[in-house]
>>> print(open('model-v9.tsv').read())   # TSV, C-alpha atoms
chain	number	residue	atom	x	y	z
D	6	MET	CA	0.00	0.00	0.00
D	7	THR	CA	1.27	3.45	-0.79
D	8	THR	CA	2.17	5.67	2.11
D	9	GLU	CA	-0.28	8.46	1.34
D	10	VAL	CA	-3.72	9.24	0.05
D	11	GLU	CA	-4.21	12.53	-1.69
D	12	ILE	CA	-7.65	13.96	-1.04
D	13	ARG	CA	-8.82	16.62	-3.44
D	14	ARG	CA	-11.87	18.84	-3.32
D	15	GLY	CA	-14.67	17.38	-5.41
D	16	ARG	CA	-16.61	18.87	-8.28
D	17	GLU	CA	-19.46	19.79	-5.95
D	18	SER	CA	-19.20	21.77	-2.75
D	19	GLY	CA	-18.65	19.51	0.25
D	20	HIS	CA	-17.33	16.62	-1.86
D	21	TYR	CA	-13.89	15.05	-1.62
D	22	VAL	CA	-12.06	12.78	-4.04
D	23	LEU	CA	-9.82	10.13	-2.53
D	24	MET	CA	-6.96	9.37	-4.91
D	25	VAL	CA	-6.47	5.75	-3.86
D	26	ASP	CA	-4.54	2.93	-5.48
D	27	ASP	CA	-6.20	-0.41	-6.24
D	28	ARG	CA	-5.23	-2.01	-2.94
D	29	GLN	CA	-6.47	0.95	-0.93
D	30	PHE	CA	-9.74	0.97	-2.87
D	31	HIS	CA	-10.34	-2.71	-2.16
D	32	LEU	CA	-9.44	-2.26	1.52
D	33	LEU	CA	-12.00	0.56	1.87
D	34	ARG	CA	-14.59	-1.54	0.06
D	35	ARG	CA	-13.98	-4.68	2.16
D	36	ALA	CA	-14.03	-2.74	5.43
D	37	VAL	CA	-17.40	-1.18	4.58
D	38	ILE	CA	-18.84	-4.53	3.46
D	39	VAL	CA	-17.66	-6.33	6.61
D	40	PHE	CA	-19.00	-3.54	8.82
D	41	SER	CA	-22.34	-3.56	6.99
D	42	TYR	CA	-22.80	-7.31	7.41
D	43	ARG	CA	-21.45	-7.45	10.95
D	44	GLU	CA	-23.20	-4.53	12.60
D	45	GLU	CA	-26.96	-4.95	12.87
D	46	SER	CA	-27.63	-2.33	15.54
D	47	THR	CA	-28.92	0.90	14.05
D	48	ALA	CA	-27.66	2.82	17.07
D	49	VAL	CA	-24.12	1.43	16.72
D	50	ARG	CA	-24.12	2.07	12.97
D	51	ALA	CA	-25.08	5.69	13.64
D	52	LEU	CA	-22.45	6.02	16.36
D	53	VAL	CA	-19.69	4.75	14.07
D	54	THR	CA	-20.76	6.44	10.83
D	55	GLY	CA	-22.13	9.66	12.30
D	56	ALA	CA	-25.55	9.20	10.69
D	57	GLU	CA	-28.49	6.85	10.91
D	58	ASP	CA	-28.85	6.57	7.16
D	59	ILE	CA	-25.73	6.84	5.04
D	60	THR	CA	-24.99	5.01	1.82
D	61	LEU	CA	-21.62	4.10	0.44
D	62	ALA	CA	-22.90	1.69	-2.19
D	63	GLU	CA	-22.34	3.87	-5.25
D	64	PRO	CA	-18.91	5.38	-4.54
D	65	LEU	CA	-17.45	2.03	-3.42
D	66	GLN	CA	-19.31	-0.04	-6.03
D	67	LEU	CA	-20.81	-2.28	-3.34
D	68	GLY	CA	-23.50	-3.74	-5.58
D	69	ILE	CA	-20.95	-5.04	-8.08
D	70	SER	CA	-19.03	-8.31	-7.93
D	71	TYR	CA	-15.34	-8.12	-7.04
D	72	ASP	CA	-14.31	-9.05	-10.59
D	73	ALA	CA	-16.45	-6.31	-12.13
D	74	VAL	CA	-15.31	-3.49	-9.83
D	75	VAL	CA	-13.17	-0.77	-11.41
D	76	PRO	CA	-10.89	0.62	-8.68
D	77	GLY	CA	-9.97	4.25	-8.84
D	78	PRO	CA	-10.61	7.60	-7.24
D	79	VAL	CA	-13.56	7.65	-4.84
D	80	GLU	CA	-15.74	10.75	-4.59
D	81	LEU	CA	-17.50	11.13	-1.25
D	82	THR	CA	-19.48	13.76	0.57
D	83	PHE	CA	-18.01	14.84	3.88
D	84	ALA	CA	-20.63	12.70	5.66
D	85	GLN	CA	-19.60	9.66	3.62
D	86	LEU	CA	-15.91	10.37	4.28
D	87	HIS	CA	-16.69	10.59	8.00
D	88	ALA	CA	-18.53	7.25	7.80
D	89	VAL	CA	-15.61	5.53	6.07
D	90	TYR	CA	-13.17	6.97	8.62
D	91	GLY	CA	-15.42	5.83	11.47
D	92	ILE	CA	-15.62	2.32	10.03
D	93	LEU	CA	-11.85	2.11	9.57
D	94	THR	CA	-11.19	3.22	13.14
D	95	SER	CA	-13.85	1.04	14.76
D	96	LEU	CA	-13.50	-2.20	12.80
D	97	PRO	CA	-10.14	-3.12	14.39
D	98	THR	CA	-11.81	-3.06	17.82
D	99	VAL	CA	-13.99	-6.11	17.15
D	100	THR	CA	-13.19	-9.09	19.35
D	101	TRP	CA	-12.21	-11.48	16.56
D	102	THR	CA	-8.87	-13.22	16.73
D	103	GLU	CA	-6.24	-11.83	14.37
D	104	GLU	CA	-6.77	-14.82	12.07
D	105	GLU	CA	-10.54	-14.22	11.98
D	106	PHE	CA	-9.99	-10.52	11.33
D	107	VAL	CA	-7.66	-11.16	8.39
D	108	GLU	CA	-10.00	-13.80	6.97
D	109	ARG	CA	-13.02	-11.49	7.12
D	110	VAL	CA	-11.46	-8.13	6.27
D	111	GLY	CA	-8.65	-9.36	4.06
D	112	ASP	CA	-5.93	-7.46	5.90
D	113	PHE	CA	-4.44	-6.86	9.33
D	114	ARG	CA	-5.88	-4.52	11.97
D	115	GLU	CA	-2.78	-2.33	11.69
D	116	THR	CA	-3.31	-1.91	7.95
D	117	VAL	CA	-6.94	-0.87	8.47
D	118	LEU	CA	-5.93	1.65	11.13
D	119	GLY	CA	-3.10	2.82	8.86
D	120	MET	CA	-5.63	3.51	6.11
D	121	ALA	CA	-7.65	5.63	8.54
D	122	LEU	CA	-4.51	7.60	9.36
D	123	LEU	CA	-3.81	8.12	5.65
D	124	LEU	CA	-7.30	9.57	5.20
D	125	ARG	CA	-6.87	11.83	8.20
D	126	SER	CA	-3.48	13.12	7.08
D	127	GLY	CA	-4.61	13.50	3.45
D	128	LEU	CA	-7.59	15.72	4.19
D	129	PRO	CA	-7.11	19.21	2.74
D	130	VAL	CA	-6.91	21.98	5.31
>>> encode(input="model-v9.tsv", output="structure tokens")
Amino acid sequence: MTTEVEIRRGRESGHYVLMVDDRQFHLLRRAVIVFSYREESTAVRALVTGAEDITLAEPLQLGISYDAVVPGPVELTFAQLHAVYGILTSLPTVTWTEEEFVERVGDFRETVLGMALLLRSGLPV
């Protein structure tokens, strides 16, 4: 994984474009999918994502099979960016063993937290 994520202002006000590589894109996508399937509590979802009803399906191509996904820049509203950041920072706190975590998420806890840090440090001032 590259050591940075450039985040640019989007075409619309309040939008941000994450300039991610393929591996980073798939990590974001897997983290959101795992969180979505794992967390059934509406209250916990809202706590983590910052909203009761937020969708990440379109920007992360969640309705498309892995083989059909086209990784690339991801355009998100600030609320969606907050949700992704919240998922990345909370997912490593689940009580799975490290082996279970890697099997489900596809990467190590440290890598997921590292991705959150890249988003935080890449946000334009």
>>> atom_distance(input="model-v9.tsv", atom1="atom CA of Arg125 of chain D", atom2="atom CA of Phe30 of chain D")
15.8 Å
>>> residues_around(input="model-v9.tsv", residues="segment 97-100 of chain D", least_positions_apart="3", cutoff="10 Å", atoms="all atoms listed in the file", output="mmCIF file with C-alpha atoms, in the coordinates of the input")
data_model
loop_
_atom_site.group_PDB
_atom_site.id
_atom_site.type_symbol
_atom_site.label_atom_id
_atom_site.label_comp_id
_atom_site.auth_asym_id
_atom_site.auth_seq_id
_atom_site.Cartn_x
_atom_site.Cartn_y
_atom_site.Cartn_z
ATOM 1 C CA ALA D 36 -14.030 -2.740 5.430
ATOM 2 C CA ARG D 43 -21.450 -7.450 10.950
ATOM 3 C CA ILE D 92 -15.620 2.320 10.030
ATOM 4 C CA LEU D 93 -11.850 2.110 9.570
ATOM 5 C CA THR D 94 -11.190 3.220 13.140
ATOM 6 C CA GLU D 103 -6.240 -11.830 14.370
ATOM 7 C CA GLU D 105 -10.540 -14.220 11.980
ATOM 8 C CA PHE D 106 -9.990 -10.520 11.330
ATOM 9 C CA VAL D 110 -11.460 -8.130 6.270
ATOM 10 C CA PHE D 113 -4.440 -6.860 9.330
ATOM 11 C CA ARG D 114 -5.880 -4.520 11.970
ATOM 12 C CA GLU D 115 -2.780 -2.330 11.690
ATOM 13 C CA THR D 116 -3.310 -1.910 7.950
ATOM 14 C CA VAL D 117 -6.940 -0.870 8.470
ATOM 15 C CA LEU D 118 -5.930 1.650 11.130
#
>>> closest_residue(input="model-v9.tsv", among="D:Leu32, D:Leu52, D:Leu86, D:Val25", to="Gly111 of chain D", atoms="all atoms listed in the file")
D:Leu32
>>> atom_distance(input="model-v9.tsv", atom1="atom CA of Arg35 of chain D", atom2="atom CA of Thr54 of chain D")
15.6 Å
>>> residues_around(input="model-v9.tsv", residues="Gly19 of chain D", least_positions_apart="5", cutoff="10 Å", atoms="all atoms listed in the file", output="PyMOL selection string")
chain D and resi 14+81-84
>>> residues_around(input="model-v9.tsv", residues="segment 72-80 of chain D", least_positions_apart="6", cutoff="9 Å", atoms="only C-alpha atoms", output="JSON, numbers by chain")
{"D": [15, 16, 20, 21, 22, 23, 24, 25, 26, 27, 28, 29, 30, 31, 64, 65, 66, 86]}
>>> atom_distance(input="model-v9.tsv", atom1="atom CA of Glu17 of chain D", atom2="atom CA of Thr47 of chain D")
29.1 Å
>>> closest_residue(input="model-v9.tsv", among="D:Val107, D:Val37, D:Val10, D:Met120", to="Val53 of chain D", atoms="only C-alpha atoms")
D:Val37
